[in-house]
$ cat start-v2.cif   # mmCIF, C-alpha atoms
data_data
#
loop_
_atom_site.label_atom_id
_atom_site.label_comp_id
_atom_site.auth_asym_id
_atom_site.auth_seq_id
_atom_site.Cartn_x
_atom_site.Cartn_y
_atom_site.Cartn_z
CA MET A 1 39.46 -4.73 -6.85
CA ASN A 2 38.00 -5.76 -10.21
CA GLY A 3 34.37 -5.16 -11.14
CA PRO A 4 31.56 -7.58 -10.33
CA VAL A 5 31.22 -10.93 -12.05
CA THR A 6 28.48 -10.76 -14.71
CA PHE A 7 26.41 -13.57 -16.22
CA HIS A 8 24.94 -12.80 -19.63
CA GLY A 9 21.96 -14.84 -20.80
CA MET A 10 21.40 -16.41 -17.37
CA GLN A 11 18.10 -18.26 -16.98
CA LEU A 12 15.50 -16.15 -15.16
CA ASP A 13 12.26 -18.20 -15.45
CA PHE A 14 11.83 -21.68 -13.98
CA PRO A 15 8.70 -23.77 -14.67
CA ILE A 16 8.02 -25.96 -11.65
CA ALA A 17 5.08 -27.99 -10.40
CA SER A 18 3.31 -26.69 -7.29
CA SER A 19 3.55 -30.16 -5.78
CA ARG A 20 7.35 -29.88 -5.85
CA LEU A 21 7.43 -26.92 -3.50
CA LYS A 22 6.58 -29.03 -0.46
CA SER A 23 9.41 -31.48 -1.14
CA LEU A 24 11.87 -28.59 -1.30
CA ARG A 25 10.88 -27.67 2.26
CA THR A 26 10.33 -31.08 3.85
CA GLY A 27 11.77 -33.72 1.52
CA THR A 28 15.23 -35.02 0.58
CA VAL A 29 16.54 -33.50 -2.64
CA ALA A 30 20.15 -33.01 -3.74
CA VAL A 31 21.13 -30.58 -6.50
CA PRO A 32 24.69 -31.17 -7.82
CA ASP A 33 26.66 -28.04 -8.66
CA ALA A 34 29.74 -27.60 -10.85
CA ALA A 35 30.87 -24.75 -8.63
CA ALA A 36 34.12 -22.80 -8.63
CA ILE A 37 36.02 -24.00 -5.56
CA PHE A 38 39.22 -22.52 -4.11
CA ARG A 39 41.34 -23.48 -1.11
CA VAL A 40 43.10 -20.70 0.80
CA GLU A 41 45.46 -21.70 3.59
CA GLY A 42 48.50 -20.46 5.43
CA SER A 43 49.52 -18.47 8.49
CA GLY A 44 47.83 -15.31 7.18
CA ALA A 45 44.82 -16.84 5.46
CA LEU A 46 42.34 -15.83 8.16
CA GLU A 47 43.57 -12.25 8.40
CA CYS A 48 43.67 -11.84 4.62
CA LEU A 49 40.18 -13.19 4.01
CA GLN A 50 38.83 -11.24 6.98
CA GLY A 51 39.94 -8.11 5.12
CA LEU A 52 38.04 -9.12 1.98
CA LEU A 53 34.76 -10.68 3.09
CA THR A 54 31.72 -8.69 4.30
CA SER A 55 30.93 -11.27 6.98
CA ASP A 56 33.00 -12.15 10.04
CA LEU A 57 35.16 -15.29 9.81
CA VAL A 58 36.60 -14.92 13.32
CA LEU A 59 33.45 -14.82 15.45
CA PRO A 60 31.97 -18.20 14.33
CA GLY A 61 35.29 -19.90 15.11
CA GLU A 62 36.78 -22.99 13.57
CA HIS A 63 34.74 -25.57 11.63
CA SER A 64 32.15 -23.02 10.53
CA LEU A 65 30.27 -22.15 7.34
CA VAL A 66 29.98 -18.45 6.49
CA TYR A 67 28.21 -16.63 3.66
CA GLY A 68 29.33 -13.19 2.52
CA ALA A 69 30.49 -11.07 -0.37
CA LEU A 70 33.61 -9.69 -1.93
CA LEU A 71 33.10 -6.02 -2.78
CA THR A 72 34.56 -3.33 -5.01
CA THR A 73 36.10 -0.34 -3.26
CA LYS A 74 32.75 1.42 -3.84
CA GLY A 75 30.85 -1.31 -1.99
CA MET A 76 29.33 -3.15 -4.97
CA ILE A 77 29.12 -6.96 -4.82
CA VAL A 78 31.76 -8.74 -6.90
CA ALA A 79 30.94 -12.31 -5.85
CA ASP A 80 29.17 -14.09 -2.99
CA PRO A 81 31.16 -17.07 -1.69
CA TRP A 82 30.24 -19.66 0.89
CA VAL A 83 33.33 -20.25 3.02
CA PHE A 84 34.07 -23.50 4.87
CA ARG A 85 36.54 -22.85 7.69
CA GLU A 86 38.71 -25.65 9.08
CA GLN A 87 41.12 -24.14 11.59
CA GLU A 88 43.41 -22.03 9.35
CA ARG A 89 42.28 -23.60 6.06
CA PHE A 90 39.40 -22.10 4.08
CA THR A 91 37.44 -23.54 1.16
CA LEU A 92 35.55 -20.98 -0.94
CA LEU A 93 32.60 -22.08 -3.05
CA LEU A 94 31.25 -19.75 -5.75
CA ALA A 95 29.21 -19.85 -8.96
CA GLY A 96 31.10 -21.73 -11.67
CA ALA A 97 31.14 -18.71 -13.99
CA ALA A 98 33.03 -16.76 -11.32
CA ARG A 99 36.08 -19.03 -11.52
CA ALA A 100 38.38 -16.99 -13.79
CA PRO A 101 37.75 -13.50 -12.37
CA ILE A 102 37.89 -14.68 -8.75
CA ALA A 103 41.08 -16.67 -9.38
CA HIS A 104 42.63 -13.50 -10.78
CA LEU A 105 41.37 -11.42 -7.86
CA LEU A 106 42.67 -13.81 -5.18
CA GLN A 107 46.05 -14.15 -6.87
CA ARG A 108 46.34 -10.38 -7.07
CA VAL A 109 45.37 -9.44 -3.52
CA LEU A 110 46.53 -12.39 -1.38
CA PRO A 111 50.28 -12.53 -0.59
CA PRO A 112 51.44 -16.11 -1.33
CA ARG A 113 53.77 -16.26 1.69
CA LEU A 114 50.75 -15.74 3.95
CA ALA A 115 47.84 -17.28 2.03
CA ARG A 116 48.37 -20.01 -0.55
CA ILE A 117 45.64 -20.43 -3.17
CA THR A 118 44.70 -23.77 -4.75
CA ASP A 119 42.10 -23.95 -7.50
CA LEU A 120 40.11 -27.15 -6.81
CA THR A 121 37.44 -26.54 -9.46
CA GLU A 122 38.55 -29.34 -11.80
CA GLU A 123 38.81 -31.94 -9.01
CA TRP A 124 35.99 -30.94 -6.64
CA SER A 125 32.25 -30.39 -6.95
CA ALA A 126 29.40 -29.47 -4.63
CA ALA A 127 25.82 -30.45 -3.89
CA TRP A 128 23.02 -28.55 -2.18
CA LEU A 129 20.82 -30.69 0.06
CA LEU A 130 17.24 -29.38 0.10
CA GLY A 131 14.42 -30.25 2.48
CA SER A 132 14.28 -30.68 6.25
CA CYS A 133 14.96 -34.44 6.05
CA ALA A 134 17.90 -34.32 3.64
CA LEU A 135 20.75 -33.66 6.08
CA GLU A 136 19.76 -36.33 8.60
CA ARG A 137 19.27 -38.93 5.86
CA PHE A 138 22.62 -38.13 4.25
CA ALA A 139 24.53 -38.18 7.55
CA ARG A 140 22.93 -41.43 8.71
CA ALA A 141 23.58 -43.21 5.40
CA ASN A 142 27.23 -42.14 5.30
CA GLY A 143 28.02 -42.58 8.99
CA CYS A 144 29.14 -39.01 9.60
CA PRO A 145 28.28 -36.62 12.44
CA LEU A 146 25.16 -34.54 12.00
CA PRO A 147 26.39 -30.94 11.77
CA ALA A 148 24.45 -28.16 13.45
CA ALA A 149 23.57 -25.04 11.49
CA THR A 150 26.67 -23.33 10.06
CA ARG A 151 28.98 -26.04 11.46
CA VAL A 152 31.37 -28.08 9.30
CA VAL A 153 32.26 -31.78 9.63
CA THR A 154 34.31 -34.09 7.43
CA VAL A 155 32.64 -37.04 5.73
CA ALA A 156 34.15 -40.52 5.78
CA GLY A 157 37.41 -39.21 7.21
CA GLY A 158 37.66 -36.39 4.66
CA PRO A 159 38.48 -34.55 2.57
CA SER A 160 34.78 -34.00 1.72
CA LEU A 161 33.13 -31.31 3.83
CA LEU A 162 29.53 -31.18 5.01
CA ALA A 163 27.94 -28.15 6.66
CA GLY A 164 24.49 -27.45 8.03
CA GLY A 165 22.73 -24.50 6.44
CA PRO A 166 21.89 -21.43 8.57
CA PRO A 167 18.18 -20.96 9.36
CA PRO A 168 17.47 -18.35 6.63
CA ALA A 169 19.24 -20.39 3.93
CA PRO A 170 17.39 -22.22 1.13
CA PHE A 171 19.23 -25.50 1.82
CA SER A 172 19.56 -27.84 4.78
CA ALA A 173 23.21 -28.69 4.07
CA LEU A 174 26.05 -28.00 1.68
CA LEU A 175 28.44 -30.75 0.56
CA ALA A 176 31.78 -30.17 -1.17
CA GLY A 177 34.56 -32.58 -2.00
CA PRO A 178 36.33 -34.56 -4.72
CA SER A 179 33.82 -35.08 -7.53
CA ALA A 180 33.86 -38.88 -7.52
CA GLU A 181 33.54 -38.96 -3.73
CA VAL A 182 30.61 -36.51 -3.73
CA GLU A 183 28.84 -38.60 -6.34
CA GLY A 184 29.39 -41.76 -4.29
CA LEU A 185 28.19 -40.17 -1.08
CA LEU A 186 24.99 -38.93 -2.71
CA GLY A 187 24.40 -42.34 -4.27
CA HIS A 188 24.91 -44.11 -0.97
CA ALA A 189 22.43 -41.79 0.73
CA GLY A 190 19.83 -42.50 -1.95
CA VAL A 191 18.60 -38.90 -2.06
CA GLU A 192 16.56 -37.67 -5.01
CA ARG A 193 18.56 -35.68 -7.58
CA GLY A 194 17.03 -32.33 -8.41
CA PRO A 195 17.59 -29.99 -11.40
CA GLU A 196 18.72 -26.36 -11.33
CA ALA A 197 15.05 -25.36 -11.17
CA ALA A 198 14.74 -27.02 -7.74
CA LEU A 199 17.58 -24.93 -6.31
CA ALA A 200 16.21 -21.78 -7.96
CA ALA A 201 12.80 -22.49 -6.41
CA ALA A 202 14.31 -23.02 -2.96
CA ARG A 203 16.20 -19.73 -3.26
CA VAL A 204 13.10 -17.82 -4.36
CA LEU A 205 11.02 -19.22 -1.49
CA ALA A 206 13.74 -18.28 1.00
CA GLY A 207 14.25 -14.82 -0.50
CA TRP A 208 17.90 -15.60 -1.20
CA PRO A 209 19.65 -13.59 -3.95
CA THR A 210 21.63 -15.18 -6.78
CA LEU A 211 24.68 -13.69 -8.48
CA GLY A 212 23.73 -12.78 -12.03
CA ARG A 213 20.02 -12.46 -11.24
CA GLU A 214 19.22 -10.40 -8.15
CA ILE A 215 22.86 -9.36 -7.77
CA ASP A 216 24.32 -7.37 -10.66
CA GLU A 217 27.23 -5.02 -11.19
CA ARG A 218 25.56 -2.17 -9.25
CA THR A 219 24.26 -4.07 -6.21
CA LEU A 220 25.01 -3.02 -2.64
CA PRO A 221 24.73 -5.68 0.11
CA GLN A 222 21.79 -3.97 1.84
CA GLU A 223 19.78 -4.03 -1.41
CA VAL A 224 19.62 -7.83 -1.40
CA ARG A 225 18.81 -8.60 2.26
CA TYR A 226 22.38 -9.14 3.46
CA ASP A 227 21.44 -7.82 6.90
CA GLU A 228 18.65 -10.41 7.22
CA LEU A 229 20.91 -13.16 5.86
CA GLY A 230 23.68 -12.46 8.37
CA ALA A 231 26.08 -11.82 5.49
CA VAL A 232 27.53 -8.47 6.53
CA SER A 233 29.29 -7.32 9.70
CA TYR A 234 29.33 -3.75 10.98
CA VAL A 235 31.69 -4.37 13.91
CA LYS A 236 34.49 -6.65 12.73
CA GLY A 237 36.75 -3.93 11.32
CA CYS A 238 37.89 -2.87 7.89
CA TYR A 239 37.39 -4.79 4.66
CA THR A 240 37.29 -3.74 1.02
CA GLY A 241 34.14 -1.67 0.41
CA GLN A 242 33.38 -1.40 4.14
CA GLU A 243 33.20 2.40 4.15
CA THR A 244 30.25 2.49 1.75
CA VAL A 245 28.45 -0.38 3.50
CA ALA A 246 28.83 1.30 6.90
CA ARG A 247 27.72 4.68 5.56
CA VAL A 248 24.50 3.19 4.18
CA HIS A 249 23.84 1.35 7.44
CA PHE A 250 24.51 4.17 9.90
CA ARG A 251 23.63 7.30 7.94
CA GLY A 252 21.39 6.47 5.00
CA HIS A 253 19.34 3.87 3.18
CA VAL A 254 19.18 2.10 -0.15
CA ASN A 255 16.58 3.10 -2.73
CA ARG A 256 15.62 -0.45 -3.70
CA THR A 257 15.32 -3.68 -1.76
CA LEU A 258 14.79 -7.34 -2.61
CA ARG A 259 11.11 -8.30 -2.26
CA GLY A 260 8.72 -11.03 -3.28
CA VAL A 261 6.00 -10.67 -5.92
CA ARG A 262 2.92 -12.79 -6.64
CA LEU A 263 1.08 -12.88 -9.96
CA ALA A 264 -2.00 -14.84 -10.98
CA GLY A 265 -1.58 -17.22 -13.92
CA GLY A 266 1.49 -19.29 -14.71
CA GLU A 267 2.25 -17.89 -18.16
CA PRO A 268 5.81 -16.58 -18.70
CA LEU A 269 6.34 -12.85 -18.26
CA SER A 270 6.44 -10.88 -21.50
CA GLU A 271 8.35 -8.12 -19.69
CA ARG A 272 9.91 -7.69 -16.27
CA THR A 273 9.61 -4.00 -15.32
CA LEU A 274 7.32 -3.20 -12.38
CA ARG A 275 5.34 0.04 -12.73
CA ALA A 276 2.91 2.21 -10.82
CA GLU A 277 1.06 4.04 -13.59
CA ALA A 278 3.90 5.25 -15.82
CA ARG A 279 6.60 5.25 -13.16
CA GLU A 280 9.15 2.44 -12.94
CA MET A 281 9.21 0.85 -9.48
CA GLY A 282 11.49 -2.15 -9.96
CA ASP A 283 11.90 -5.32 -11.96
CA VAL A 284 11.35 -9.05 -11.58
CA ARG A 285 14.69 -10.90 -11.50
CA THR A 286 13.74 -14.59 -10.99
CA ALA A 287 10.30 -16.11 -11.54
CA LEU A 288 8.90 -19.51 -10.60
CA LEU A 289 6.22 -20.45 -13.13
CA LEU A 290 3.65 -22.59 -11.31
CA GLU A 291 0.48 -23.97 -12.87
CA ASP A 292 -1.74 -21.12 -11.70
CA ARG A 293 0.59 -18.39 -10.39
CA ILE A 294 4.05 -16.88 -10.42
CA LEU A 295 6.26 -16.39 -7.37
CA GLY A 296 9.17 -14.10 -8.04
CA LEU A 297 12.07 -12.18 -6.57
CA ALA A 298 12.18 -8.53 -7.55
CA THR A 299 14.11 -5.39 -6.75
CA VAL A 300 11.48 -2.83 -5.67
CA ARG A 301 11.67 0.80 -4.60
CA ARG A 302 11.68 1.03 -0.82
CA GLU A 303 8.60 3.30 -0.63
CA ILE A 304 6.40 0.48 -1.97
CA ALA A 305 4.79 -1.29 0.99
CA ASP A 306 4.06 -5.00 1.24
CA GLY A 307 0.59 -5.66 -0.10
CA GLU A 308 0.70 -2.94 -2.75
CA THR A 309 -0.10 -3.87 -6.35
CA LEU A 310 2.12 -2.95 -9.29
CA LEU A 311 1.87 -3.75 -12.99
CA VAL A 312 4.15 -5.96 -15.08
CA GLY A 313 2.94 -5.18 -18.57
CA GLN A 314 -0.84 -5.61 -18.18
CA ARG A 315 -0.60 -8.09 -15.30
CA GLU A 316 -1.01 -7.23 -11.64
CA ALA A 317 1.83 -8.11 -9.25
CA THR A 318 1.37 -7.99 -5.48
CA VAL A 319 4.49 -7.09 -3.51
CA VAL A 320 5.08 -9.34 -0.48
CA GLY A 321 7.71 -9.71 2.21
CA LEU A 322 10.38 -12.38 2.25
CA PRO A 323 10.75 -15.24 2.80
CA PHE A 324 7.55 -16.47 1.14
CA GLU A 325 4.98 -18.02 3.42
CA PRO A 326 4.76 -21.82 3.01
CA THR A 327 2.37 -22.83 0.21
#
$ encode --input "start-v2.cif" --output "structure tokens"
Amino acid sequence: MNGPVTFHGMQLDFPIASSRLKSLRTGTVAVPDAAAIFRVEGSGALECLQGLLTSDLVLPGEHSLVYGALLTTKGMIVADPWVFREQERFTLLLAGAARAPIAHLLQRVLPPRLARITDLTEEWSAAWLLGSCALERFARANGCPLPAATRVVTVAGGPSLLAGGPPPAPFSALLAGPSAEVEGLLGHAGVERGPEAALAAARVLAGWPTLGREIDERTLPQEVRYDELGAVSYVKGCYTGQETVARVHFRGHVNRTLRGVRLAGGEPLSERTLRAEAREMGDVRTALLLEDRILGLATVRREIADGETLLVGQREATVVGLPFEPT
């Protein structure tokens, strides 16, 4: 399998008003996304994808939403798709920058007689619905069933798909479909449109990793909370990279884990390395710049306990558990 997808120059700092944080938890915000979207279908689609994805596609059954990763043979994360399952048809949603390498990967490893691949990226788009009221408002406005967590329904007779987010996720629902239809559905629901910073903030608060920030070319699933996110299976059988993932789980541990950090003052970080005296202990990957503080996601050495204080340059950073407590 090819190496991980990399994102050079990806935005890491997001100024956001403290007052916006509440709306991301309890309001109705939609963040459109020009995602890479692929359809995989055919008599062998389930078996083929089951052998690639870290999470289990069989156990949740039909009409389910699953989050997981595609790995290298050494267990490093290549990409982290959300997968909508409709019977034997699967729709994969990934970061837009992952389109070319993932298209190449799928074409190389999936036999076309068993699993046909359709690149929907030019025709389809996605939207993340944020806030506890967003899903109900969207479903009511568009006359579609209200999906439970991780369940998939069609909107307005299809082909657009709507799924409820799992409890740890930073969103209440995920919508994917033809671009014009998605735009019309959001407009009809009258939900507030949010910028990329809103989605980044929701992900930071939930402790959810992002490809290109917390996930890089050397990241193992256990380093970025995949156990807590329900994104890796240890019982479903073999998949690419499974040997390394299982070895870490049953016989060892990772040296760094994804944690939260809090800093006083909302000024941008001049550097990102976390230190204890002269020793490097991790680095800040994504930072929310609030008026009076910073909330960030960082990779931190596992021996650092929650509540300990590290230094980022001359500034103190307190390590905290994830997800962040409501503020």
$ closest_residue --input "start-v2.cif" --among "A:Pro168, A:Ser23, A:Leu290, A:Ser270" --to "Asp227 of chain A" --atoms "all atoms listed in the file"
A:Pro168
$ closest_residue --input "start-v2.cif" --among "A:Ile102, A:Leu71, A:Ala79, A:Ala45" --to "Ile215 of chain A" --atoms "all atoms listed in the file"
A:Ala79
$ resolve_selection --input "start-v2.cif" --expression "the PyMOL selection byres ((chain A and resi 57-69) around 7)" --output "list in words"
Gln50, Leu53, Thr54, Ser55, Asp56, Leu70, Leu71, Ile77, Ala79, Asp80, Pro81, Trp82, Val83, Phe84, Arg85, Glu86, Gln87, Thr150, Arg151, Val152, Val153, Ala163, Ala231 and Val232 of chain A
$ residues_near_point --input "start-v2.cif" --point "(27.7, -42.2, 6.3)" --cutoff "12 Å" --atoms "all atoms listed in the file" --output "list in words"
Leu135, Glu136, Arg137, Phe138, Ala139, Arg140, Ala141, Asn142, Gly143, Cys144, Pro145, Leu146, Val153, Thr154, Val155, Ala156, Gly157, Gly158, Ser160, Leu162, Val182, Gly184, Leu185, Leu186, Gly187, His188, Ala189 and Gly190 of chain A
$ atom_distance --input "start-v2.cif" --atom1 "atom CA of Pro15 of chain A" --atom2 "atom CA of Asp216 of chain A"
23.0 Å
$ closest_residue --input "start-v2.cif" --among "A:Lys22, A:Arg262, A:Arg39, A:Arg256" --to "Ala115 of chain A" --atoms "only C-alpha atoms"
A:Arg39
$ atom_distance --input "start-v2.cif" --atom1 "atom CA of Arg301 of chain A" --atom2 "atom CA of Gly212 of chain A"
19.6 Å
$ residues_near_point --input "start-v2.cif" --point "(41.7, -11.0, -7.1)" --cutoff "12 Å" --atoms "only C-alpha atoms" --output "MDAnalysis selection string"
chainID A and resid 1:5 48:49 52 70:72 78:79 98:111 117 240
$ resolve_selection --input "start-v2.cif" --expression "the PyMOL selection byres ((chain A and resi 179) around 10)" --output "list in words"
Pro32, Ala34, Thr121, Glu122, Glu123, Trp124, Ser125, Ala126, Ala127, Ser160, Ala176, Gly177, Pro178, Ala180, Glu181, Val182, Glu183, Gly184 and Leu185 of chain A
$ atom_distance --input "start-v2.cif" --atom1 "atom CA of Leu288 of chain A" --atom2 "atom CA of Arg213 of chain A"
13.2 Å
$ resolve_selection --input "start-v2.cif" --expression "the PyMOL selection byres ((chain A and resi 204) around 12)" --output "ChimeraX atom specification"
/A:12-14,21,24,168-171,197-203,205-210,213-214,258-262,284-289,294-298,321-326
$ closest_residue --input "start-v2.cif" --among "A:Arg275, A:Asp283, A:Val224, A:Ser19" --to "Leu310 of chain A" --atoms "all atoms listed in the file"
A:Arg275
$ closest_residue --input "start-v2.cif" --among "A:Ala36, A:Ala148, A:Leu129, A:Ala134" --to "Ala95 of chain A" --atoms "all atoms listed in the file"
A:Ala36
$ closest_residue --input "start-v2.cif" --among "A:Glu228, A:Asp33, A:Asp292, A:Glu277" --to "Leu263 of chain A" --atoms "only C-alpha atoms"
A:Asp292
$ axis_aligned_box --input "start-v2.cif" --around "segment 308-327 of chain A" --padding-each-side "6 Å" --output "AutoDock Vina command-line options"
--center_x 4.9 --center_y -12.9 --center_z -7.6 --size_x 23.8 --size_y 31.9 --size_z 34.0
$ decode --input "start-v2.cif" --residues "segment 42-68 of chain A" --atoms "N, CA and C atoms" --output "PDB file, in the first residue's frame"
ATOM      1  N   GLY A  42     -20.606  -3.698  -5.558  1.00  0.00           N
ATOM      2  CA  GLY A  42     -20.401  -4.955  -6.256  1.00  0.00           C
ATOM      3  C   GLY A  42     -20.495  -6.121  -5.285  1.00  0.00           C
ATOM      4  N   SER A  43     -20.477  -7.316  -5.824  1.00  0.00           N
ATOM      5  CA  SER A  43     -20.678  -8.518  -5.005  1.00  0.00           C
ATOM      6  C   SER A  43     -19.571  -8.712  -3.973  1.00  0.00           C
ATOM      7  N   GLY A  44     -18.384  -8.171  -4.236  1.00  0.00           N
ATOM      8  CA  GLY A  44     -17.274  -8.343  -3.299  1.00  0.00           C
ATOM      9  C   GLY A  44     -16.878  -7.072  -2.582  1.00  0.00           C
ATOM     10  N   ALA A  45     -17.696  -6.033  -2.700  1.00  0.00           N
ATOM     11  CA  ALA A  45     -17.319  -4.739  -2.123  1.00  0.00           C
ATOM     12  C   ALA A  45     -17.135  -4.832  -0.606  1.00  0.00           C
ATOM     13  N   LEU A  46     -18.073  -5.490   0.072  1.00  0.00           N
ATOM     14  CA  LEU A  46     -17.985  -5.587   1.526  1.00  0.00           C
ATOM     15  C   LEU A  46     -16.733  -6.335   1.947  1.00  0.00           C
ATOM     16  N   GLU A  47     -16.483  -7.475   1.343  1.00  0.00           N
ATOM     17  CA  GLU A  47     -15.317  -8.274   1.718  1.00  0.00           C
ATOM     18  C   GLU A  47     -14.019  -7.526   1.428  1.00  0.00           C
ATOM     19  N   CYS A  48     -13.962  -6.846   0.294  1.00  0.00           N
ATOM     20  CA  CYS A  48     -12.743  -6.114  -0.067  1.00  0.00           C
ATOM     21  C   CYS A  48     -12.469  -4.964   0.891  1.00  0.00           C
ATOM     22  N   LEU A  49     -13.482  -4.168   1.191  1.00  0.00           N
ATOM     23  CA  LEU A  49     -13.285  -3.041   2.099  1.00  0.00           C
ATOM     24  C   LEU A  49     -13.038  -3.510   3.526  1.00  0.00           C
ATOM     25  N   GLN A  50     -13.637  -4.633   3.902  1.00  0.00           N
ATOM     26  CA  GLN A  50     -13.406  -5.191   5.234  1.00  0.00           C
ATOM     27  C   GLN A  50     -11.931  -5.552   5.412  1.00  0.00           C
ATOM     28  N   GLY A  51     -11.264  -5.890   4.328  1.00  0.00           N
ATOM     29  CA  GLY A  51      -9.848  -6.226   4.370  1.00  0.00           C
ATOM     30  C   GLY A  51      -8.927  -5.024   4.282  1.00  0.00           C
ATOM     31  N   LEU A  52      -9.494  -3.830   4.180  1.00  0.00           N
ATOM     32  CA  LEU A  52      -8.691  -2.611   4.108  1.00  0.00           C
ATOM     33  C   LEU A  52      -8.875  -1.708   5.318  1.00  0.00           C
ATOM     34  N   LEU A  53     -10.085  -1.634   5.838  1.00  0.00           N
ATOM     35  CA  LEU A  53     -10.425  -0.658   6.862  1.00  0.00           C
ATOM     36  C   LEU A  53     -10.130  -1.196   8.263  1.00  0.00           C
ATOM     37  N   THR A  54      -9.667  -0.319   9.164  1.00  0.00           N
ATOM     38  CA  THR A  54      -9.389  -0.737  10.544  1.00  0.00           C
ATOM     39  C   THR A  54     -10.656  -1.089  11.304  1.00  0.00           C
ATOM     40  N   SER A  55     -11.755  -0.431  10.989  1.00  0.00           N
ATOM     41  CA  SER A  55     -13.006  -0.681  11.707  1.00  0.00           C
ATOM     42  C   SER A  55     -13.807  -1.778  11.000  1.00  0.00           C
ATOM     43  N   ASP A  56     -14.833  -2.255  11.700  1.00  0.00           N
ATOM     44  CA  ASP A  56     -15.646  -3.372  11.216  1.00  0.00           C
ATOM     45  C   ASP A  56     -16.854  -2.846  10.459  1.00  0.00           C
ATOM     46  N   LEU A  57     -16.987  -3.227   9.188  1.00  0.00           N
ATOM     47  CA  LEU A  57     -18.143  -2.838   8.388  1.00  0.00           C
ATOM     48  C   LEU A  57     -19.288  -3.837   8.503  1.00  0.00           C
ATOM     49  N   VAL A  58     -18.989  -5.049   8.953  1.00  0.00           N
ATOM     50  CA  VAL A  58     -20.007  -6.099   9.012  1.00  0.00           C
ATOM     51  C   VAL A  58     -20.890  -5.935  10.242  1.00  0.00           C
ATOM     52  N   LEU A  59     -20.271  -5.752  11.402  1.00  0.00           N
ATOM     53  CA  LEU A  59     -21.018  -5.733  12.661  1.00  0.00           C
ATOM     54  C   LEU A  59     -22.128  -4.683  12.711  1.00  0.00           C
ATOM     55  N   PRO A  60     -21.905  -3.437  12.244  1.00  0.00           N
ATOM     56  CA  PRO A  60     -22.993  -2.444  12.310  1.00  0.00           C
ATOM     57  C   PRO A  60     -24.153  -2.751  11.378  1.00  0.00           C
ATOM     58  N   GLY A  61     -23.925  -3.588  10.371  1.00  0.00           N
ATOM     59  CA  GLY A  61     -24.993  -3.954   9.445  1.00  0.00           C
ATOM     60  C   GLY A  61     -25.223  -2.914   8.366  1.00  0.00           C
ATOM     61  N   GLU A  62     -26.321  -3.117   7.642  1.00  0.00           N
ATOM     62  CA  GLU A  62     -26.645  -2.219   6.536  1.00  0.00           C
ATOM     63  C   GLU A  62     -27.116  -0.863   7.051  1.00  0.00           C
ATOM     64  N   HIS A  63     -27.005   0.147   6.194  1.00  0.00           N
ATOM     65  CA  HIS A  63     -27.451   1.506   6.490  1.00  0.00           C
ATOM     66  C   HIS A  63     -26.740   2.058   7.735  1.00  0.00           C
ATOM     67  N   SER A  64     -25.414   1.930   7.731  1.00  0.00           N
ATOM     68  CA  SER A  64     -24.613   2.380   8.865  1.00  0.00           C
ATOM     69  C   SER A  64     -23.515   3.338   8.401  1.00  0.00           C
ATOM     70  N   LEU A  65     -23.042   4.130   9.345  1.00  0.00           N
ATOM     71  CA  LEU A  65     -21.921   5.048   9.122  1.00  0.00           C
ATOM     72  C   LEU A  65     -20.767   4.583   9.990  1.00  0.00           C
ATOM     73  N   VAL A  66     -19.600   4.394   9.372  1.00  0.00           N
ATOM     74  CA  VAL A  66     -18.433   3.859  10.074  1.00  0.00           C
ATOM     75  C   VAL A  66     -17.233   4.757   9.806  1.00  0.00           C
ATOM     76  N   TYR A  67     -16.439   5.010  10.855  1.00  0.00           N
ATOM     77  CA  TYR A  67     -15.189   5.755  10.715  1.00  0.00           C
ATOM     78  C   TYR A  67     -14.023   4.799  10.937  1.00  0.00           C
ATOM     79  N   GLY A  68     -12.991   4.934  10.122  1.00  0.00           N
ATOM     80  CA  GLY A  68     -11.813   4.086  10.285  1.00  0.00           C
ATOM     81  C   GLY A  68     -10.655   4.620   9.482  1.00  0.00           C
TER      82      GLY A  68
END
